[in-house]
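Raw contents of input-v8.pdb, PDB, C-alpha atoms:
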```pdb
ATOM      1  CA  MET A   1     -10.100 166.792-132.839  1.00  0.00           C
ATOM      2  CA  THR A   2      -8.076 164.099-131.115  1.00  0.00           C
ATOM      3  CA  THR A   3      -5.437 162.027-132.824  1.00  0.00           C
ATOM      4  CA  ALA A   4      -7.224 158.794-131.943  1.00  0.00           C
ATOM      5  CA  GLY A   5     -10.571 159.870-133.465  1.00  0.00           C
ATOM      6  CA  PRO A   6      -9.612 160.744-137.047  1.00  0.00           C
ATOM      7  CA  ARG A   7      -7.151 157.847-137.218  1.00  0.00           C
ATOM      8  CA  ARG A   8      -9.955 155.383-136.611  1.00  0.00           C
ATOM      9  CA  ALA A   9     -12.506 157.250-138.693  1.00  0.00           C
ATOM     10  CA  PRO A  10     -14.000 155.493-141.708  1.00  0.00           C
ATOM     11  CA  ARG A  11     -12.391 156.098-145.097  1.00  0.00           C
ATOM     12  CA  THR A  12     -14.949 158.647-146.257  1.00  0.00           C
ATOM     13  CA  GLU A  13     -14.603 160.591-143.024  1.00  0.00           C
ATOM     14  CA  ARG A  14     -10.784 160.595-143.293  1.00  0.00           C
ATOM     15  CA  LEU A  15     -11.086 161.861-146.869  1.00  0.00           C
ATOM     16  CA  ARG A  16     -13.412 164.646-145.731  1.00  0.00           C
ATOM     17  CA  LEU A  17     -11.005 165.603-142.927  1.00  0.00           C
ATOM     18  CA  ALA A  18      -8.013 165.559-145.303  1.00  0.00           C
ATOM     19  CA  VAL A  19      -9.824 167.842-147.782  1.00  0.00           C
ATOM     20  CA  GLU A  20     -10.829 170.130-144.911  1.00  0.00           C
ATOM     21  CA  ARG A  21      -7.233 170.233-143.642  1.00  0.00           C
ATOM     22  CA  ASP A  22      -5.419 170.619-146.992  1.00  0.00           C
ATOM     23  CA  GLY A  23      -8.008 172.338-149.169  1.00  0.00           C
ATOM     24  CA  ALA A  24     -10.276 171.214-151.998  1.00  0.00           C
ATOM     25  CA  ARG A  25      -7.427 170.813-154.482  1.00  0.00           C
ATOM     26  CA  CYS A  26      -5.153 167.954-155.462  1.00  0.00           C
ATOM     27  CA  VAL A  27      -1.916 168.335-153.487  1.00  0.00           C
ATOM     28  CA  TRP A  28       0.087 167.127-156.508  1.00  0.00           C
ATOM     29  CA  CYS A  29      -1.337 168.929-159.561  1.00  0.00           C
ATOM     30  CA  GLY A  30      -3.437 171.649-157.935  1.00  0.00           C
ATOM     31  CA  ARG A  31      -6.678 170.849-159.784  1.00  0.00           C
ATOM     32  CA  ALA A  32      -9.789 171.875-157.867  1.00  0.00           C
ATOM     33  CA  PHE A  33     -12.099 169.052-156.851  1.00  0.00           C
ATOM     34  CA  GLY A  34     -15.585 168.974-158.292  1.00  0.00           C
ATOM     35  CA  PRO A  35     -18.002 166.673-160.113  1.00  0.00           C
ATOM     36  CA  LEU A  36     -15.457 165.832-162.835  1.00  0.00           C
ATOM     37  CA  VAL A  37     -12.433 165.689-160.512  1.00  0.00           C
ATOM     38  CA  PRO A  38     -13.414 163.808-157.354  1.00  0.00           C
ATOM     39  CA  PRO A  39     -10.928 163.635-154.476  1.00  0.00           C
ATOM     40  CA  THR A  40      -9.261 160.398-153.429  1.00  0.00           C
ATOM     41  CA  ARG A  41      -7.196 159.478-150.376  1.00  0.00           C
ATOM     42  CA  GLU A  42      -3.514 159.396-151.312  1.00  0.00           C
ATOM     43  CA  HIS A  43      -1.167 157.640-148.890  1.00  0.00           C
ATOM     44  CA  LEU A  44       2.092 159.585-148.613  1.00  0.00           C
ATOM     45  CA  VAL A  45       3.810 156.406-147.450  1.00  0.00           C
ATOM     46  CA  PRO A  46       2.230 153.785-149.718  1.00  0.00           C
ATOM     47  CA  ARG A  47       0.540 150.845-148.023  1.00  0.00           C
ATOM     48  CA  ALA A  48       2.935 148.541-149.896  1.00  0.00           C
ATOM     49  CA  LYS A  49       5.840 150.284-148.149  1.00  0.00           C
ATOM     50  CA  GLY A  50       4.346 149.957-144.679  1.00  0.00           C
ATOM     51  CA  GLY A  51       2.281 153.138-144.602  1.00  0.00           C
ATOM     52  CA  PRO A  52      -0.638 153.153-142.166  1.00  0.00           C
ATOM     53  CA  SER A  53      -4.186 154.161-143.026  1.00  0.00           C
ATOM     54  CA  TRP A  54      -4.060 157.085-140.618  1.00  0.00           C
ATOM     55  CA  LEU A  55      -5.281 160.591-141.363  1.00  0.00           C
ATOM     56  CA  GLU A  56      -1.706 161.844-140.912  1.00  0.00           C
ATOM     57  CA  ASN A  57      -0.593 159.617-143.825  1.00  0.00           C
ATOM     58  CA  GLU A  58      -3.370 160.687-146.182  1.00  0.00           C
ATOM     59  CA  VAL A  59      -3.668 163.744-148.396  1.00  0.00           C
ATOM     60  CA  PRO A  60      -6.357 164.587-150.961  1.00  0.00           C
ATOM     61  CA  ALA A  61      -5.387 163.879-154.555  1.00  0.00           C
ATOM     62  CA  CYS A  62      -7.178 163.520-157.858  1.00  0.00           C
ATOM     63  CA  ARG A  63      -7.531 160.019-159.298  1.00  0.00           C
ATOM     64  CA  ARG A  64      -5.047 160.740-162.067  1.00  0.00           C
ATOM     65  CA  CYS A  65      -2.252 161.751-159.685  1.00  0.00           C
ATOM     66  CA  ASN A  66      -3.043 158.993-157.203  1.00  0.00           C
ATOM     67  CA  ALA A  67      -2.849 156.357-159.942  1.00  0.00           C
ATOM     68  CA  GLU A  68       0.190 157.791-161.733  1.00  0.00           C
ATOM     69  CA  ARG A  69       2.266 158.234-158.585  1.00  0.00           C
ATOM     70  CA  GLY A  70       1.856 154.591-157.667  1.00  0.00           C
ATOM     71  CA  HIS A  71       4.650 153.649-155.269  1.00  0.00           C
ATOM     72  CA  ARG A  72       7.075 156.393-156.287  1.00  0.00           C
ATOM     73  CA  GLY A  73       8.770 158.341-153.535  1.00  0.00           C
ATOM     74  CA  ILE A  74       7.311 161.659-152.477  1.00  0.00           C
ATOM     75  CA  VAL A  75      10.246 163.784-153.581  1.00  0.00           C
ATOM     76  CA  GLU A  76      10.538 161.912-156.882  1.00  0.00           C
ATOM     77  CA  TRP A  77       6.831 162.540-157.573  1.00  0.00           C
ATOM     78  CA  LEU A  78       7.092 166.217-156.590  1.00  0.00           C
ATOM     79  CA  GLU A  79       9.934 166.565-159.114  1.00  0.00           C
ATOM     80  CA  GLU A  80       7.792 164.867-161.773  1.00  0.00           C
ATOM     81  CA  CYS A  81       4.903 167.226-160.977  1.00  0.00           C
ATOM     82  CA  ALA A  82       7.219 170.221-161.443  1.00  0.00           C
ATOM     83  CA  ARG A  83       8.477 168.792-164.776  1.00  0.00           C
ATOM     84  CA  ARG A  84       4.856 168.599-165.929  1.00  0.00           C
ATOM     85  CA  GLY A  85       4.293 172.242-165.027  1.00  0.00           C
ATOM     86  CA  TRP A  86       1.960 171.525-162.132  1.00  0.00           C
ATOM     87  CA  GLU A  87       2.024 173.420-158.853  1.00  0.00           C
ATOM     88  CA  PRO A  88       2.056 170.855-156.046  1.00  0.00           C
ATOM     89  CA  ASP A  89       1.261 171.942-152.497  1.00  0.00           C
ATOM     90  CA  VAL A  90       4.678 171.160-151.023  1.00  0.00           C
ATOM     91  CA  ALA A  91       3.750 172.823-147.721  1.00  0.00           C
ATOM     92  CA  ALA A  92       0.761 170.477-147.239  1.00  0.00           C
ATOM     93  CA  VAL A  93       2.897 167.447-148.074  1.00  0.00           C
ATOM     94  CA  GLU A  94       5.639 168.501-145.653  1.00  0.00           C
ATOM     95  CA  ARG A  95       3.067 169.295-142.957  1.00  0.00           C
ATOM     96  CA  SER A  96       1.531 165.841-143.338  1.00  0.00           C
ATOM     97  CA  LEU A  97       4.931 164.138-143.246  1.00  0.00           C
ATOM     98  CA  ASP A  98       5.801 166.003-140.046  1.00  0.00           C
ATOM     99  CA  ALA A  99       2.436 165.027-138.527  1.00  0.00           C
ATOM    100  CA  LEU A 100       2.966 161.405-139.566  1.00  0.00           C
ATOM    101  CA  ALA A 101       6.453 161.347-138.022  1.00  0.00           C
ATOM    102  CA  ALA A 102       5.012 162.736-134.777  1.00  0.00           C
ATOM    103  CA  ALA A 103       2.126 160.226-134.819  1.00  0.00           C
ATOM    104  CA  ILE A 104       4.513 157.319-135.346  1.00  0.00           C
ATOM    105  CA  ALA A 105       6.715 158.553-132.494  1.00  0.00           C
ATOM    106  CA  GLU A 106       3.666 158.863-130.223  1.00  0.00           C
ATOM    107  CA  ARG A 107       1.894 155.624-131.168  1.00  0.00           C
ATOM    108  CA  GLY A 108       4.926 153.465-131.894  1.00  0.00           C
ATOM    109  CA  GLY A 109       5.215 150.663-134.397  1.00  0.00           C
ATOM    110  CA  GLN A 110       5.319 151.381-138.130  1.00  0.00           C
ATOM    111  CA  ARG A 111       8.991 150.361-138.388  1.00  0.00           C
ATOM    112  CA  ARG A 112       9.067 150.446-142.201  1.00  0.00           C
ATOM    113  CA  ALA A 113       7.106 153.690-142.457  1.00  0.00           C
ATOM    114  CA  ARG A 114       9.294 155.441-139.871  1.00  0.00           C
ATOM    115  CA  ALA A 115      12.453 155.042-141.994  1.00  0.00           C
ATOM    116  CA  TYR A 116      10.609 156.035-145.186  1.00  0.00           C
ATOM    117  CA  VAL A 117       9.214 159.222-143.609  1.00  0.00           C
ATOM    118  CA  ALA A 118      12.614 160.234-142.220  1.00  0.00           C
ATOM    119  CA  ALA A 119      14.299 159.713-145.604  1.00  0.00           C
ATOM    120  CA  GLN A 120      11.623 161.649-147.519  1.00  0.00           C
ATOM    121  CA  LEU A 121      11.741 164.556-145.047  1.00  0.00           C
ATOM    122  CA  ARG A 122      15.545 164.756-145.392  1.00  0.00           C
ATOM    123  CA  ARG A 123      15.292 164.796-149.192  1.00  0.00           C
ATOM    124  CA  LEU A 124      12.440 167.307-149.153  1.00  0.00           C
ATOM    125  CA  ARG A 125      14.352 169.755-146.949  1.00  0.00           C
ATOM    126  CA  ARG A 126      17.546 169.773-149.023  1.00  0.00           C
TER     127      ARG A 126
END
```
So that I can check it, write out the structure of this file as structure tokens.
Amino acid sequence: MTTAGPRRAPRTERLRLAVERDGARCVWCGRAFGPLVPPTREHLVPRAKGGPSWLENEVPACRRCNAERGHRGIVEWLEECARRGWEPDVAAVERSLDALAAAIAERGGQRRARAYVAAQLRRLRR
């Protein structure tokens, strides 16, 4: 799988690849996907904050978590998930952030997203 291919893949294909990469569970609450809990593409760096629609910026999440997170920061949402007693997949989130940082460094651009990713990684690793 090349970095150029999945990045340009259609939405449904990127969702399939994200589920394949991170597992068939919501990365935030841990619920398994199925007929009653369909997966959605969750942008780690929200589009409103300059996040690209690249596979590296997308993780699988349930509709509830995707909607409730909104534009909150990653670390802030992980803390909220823990307060609710959920078991978020922190490793998958960190892996995706690292991949996104590498993709931005390789492809360039994404000025707003670059700063956001760096800040979230620093907070996550404290």
Next item on the list: May I have the residues within 6 Å of Pro60 (chain A) as an NGL selection string, using all atoms listed in the file and disregarding those fewer than 2 positions away in the same chain?
Entry: :A and (18-19 or 26 or 39-42)
Item checked: Using only C-alpha atoms: which of A:Pro46, A:Val90, A:Asp22, A:Arg114 has the shortest distance to Arg72 (chain A) ->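 Ranked by minimum distance to Arg72 (chain A), first place goes to A:Pro46.
The gap separating CA of Arg95 (chain A) from CA of Arg31 (chain A) is 19.5 Å, in Å to one decimal.
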Next item on the list: Would you mind telling me which residue in A:His43, A:Ile104, A:Asn57, A:Gln120 lies nearest to Arg69 (chain A) when using only C-alpha atoms?
Entry: A:His43
Note to self: Ranking A:Ala61, A:Leu15, A:Ala113, A:Leu44 by minimum distance to Leu97 (chain A) and counting all atoms listed in the file, which one comes first?
What the structure shows: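 Distance minimum relative to Leu97 (chain A) lands on A:Leu44.
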Checklist line | Length of the CA of Glu68 (chain A) to CA of Ser96 (chain A) vector [Å] | finding: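 So the two atoms, CA of Glu68 (chain A) and CA of Ser96 (chain A), lie 20.1 Å apart.
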Protein, DNA and RNA residues within 12 Å of (-5.8, 172.4, -150.6), only C-alpha atoms, as an mmCIF file with C-alpha atoms, in the frame of the given file:
```cif
data_model
loop_
_atom_site.group_PDB
_atom_site.id
_atom_site.type_symbol
_atom_site.label_atom_id
_atom_site.label_comp_id
_atom_site.auth_asym_id
_atom_site.auth_seq_id
_atom_site.Cartn_x
_atom_site.Cartn_y
_atom_site.Cartn_z
ATOM 1 C CA ARG A 16 -13.412 164.646 -145.731
ATOM 2 C CA LEU A 17 -11.005 165.603 -142.927
ATOM 3 C CA ALA A 18 -8.013 165.559 -145.303
ATOM 4 C CA VAL A 19 -9.824 167.842 -147.782
ATOM 5 C CA GLU A 20 -10.829 170.130 -144.911
ATOM 6 C CA ARG A 21 -7.233 170.233 -143.642
ATOM 7 C CA ASP A 22 -5.419 170.619 -146.992
ATOM 8 C CA GLY A 23 -8.008 172.338 -149.169
ATOM 9 C CA ALA A 24 -10.276 171.214 -151.998
ATOM 10 C CA ARG A 25 -7.427 170.813 -154.482
ATOM 11 C CA CYS A 26 -5.153 167.954 -155.462
ATOM 12 C CA VAL A 27 -1.916 168.335 -153.487
ATOM 13 C CA TRP A 28 0.087 167.127 -156.508
ATOM 14 C CA CYS A 29 -1.337 168.929 -159.561
ATOM 15 C CA GLY A 30 -3.437 171.649 -157.935
ATOM 16 C CA ARG A 31 -6.678 170.849 -159.784
ATOM 17 C CA ALA A 32 -9.789 171.875 -157.867
ATOM 18 C CA PHE A 33 -12.099 169.052 -156.851
ATOM 19 C CA PRO A 39 -10.928 163.635 -154.476
ATOM 20 C CA VAL A 59 -3.668 163.744 -148.396
ATOM 21 C CA PRO A 60 -6.357 164.587 -150.961
ATOM 22 C CA ALA A 61 -5.387 163.879 -154.555
ATOM 23 C CA CYS A 62 -7.178 163.520 -157.858
ATOM 24 C CA GLU A 87 2.024 173.420 -158.853
ATOM 25 C CA PRO A 88 2.056 170.855 -156.046
ATOM 26 C CA ASP A 89 1.261 171.942 -152.497
ATOM 27 C CA VAL A 90 4.678 171.160 -151.023
ATOM 28 C CA ALA A 91 3.750 172.823 -147.721
ATOM 29 C CA ALA A 92 0.761 170.477 -147.239
ATOM 30 C CA VAL A 93 2.897 167.447 -148.074
#
```
Next item on the list: Have a look at A:Arg125, A:Arg84, A:Arg107, A:Arg11 and name the one nearest to Cys65 (chain A); count only C-alpha atoms.
Entry: A:Arg84
Next item on the list: Go through the shown structure with the PyMOL selection byres ((chain A and resi 110) around 12) and write out the matching residues as a PyMOL selection string.
Entry: chain A and resi 45+47+49-54+57+100-109+111-117
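Closest approach to Arg122 (chain A) among A:Asn66, A:Ala99, A:Val75, A:Pro38 is made by A:Val75 (distances from only C-alpha atoms).
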Note to self: Could you tell me how far CA of Leu36 (chain A) sits from CA of Arg63 (chain A), in Å to one decimal place?
What the structure shows: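 Separation of CA of Arg63 (chain A) and CA of Leu36 (chain A): 10.4 Å.
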Edge lengths and centre in Å to one decimal, as JSON, is what I'm after for the box along x, y and z that holds all listed atoms of region 58-69 of chain A once 6 Å is added on each side.
```
{"center_x": -2.6, "center_y": 160.5, "center_z": -154.1, "size_x": 21.8, "size_y": 20.2, "size_z": 27.9}
```
Next item on the list: May I ask which of the residues A:Leu124, A:Gly34, A:Glu58, A:Ala9 is the closest one to Trp77 (chain A), counting all atoms listed in the file?
Entry: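 Ranked by minimum distance to Trp77 (chain A), first place goes to A:Leu124.
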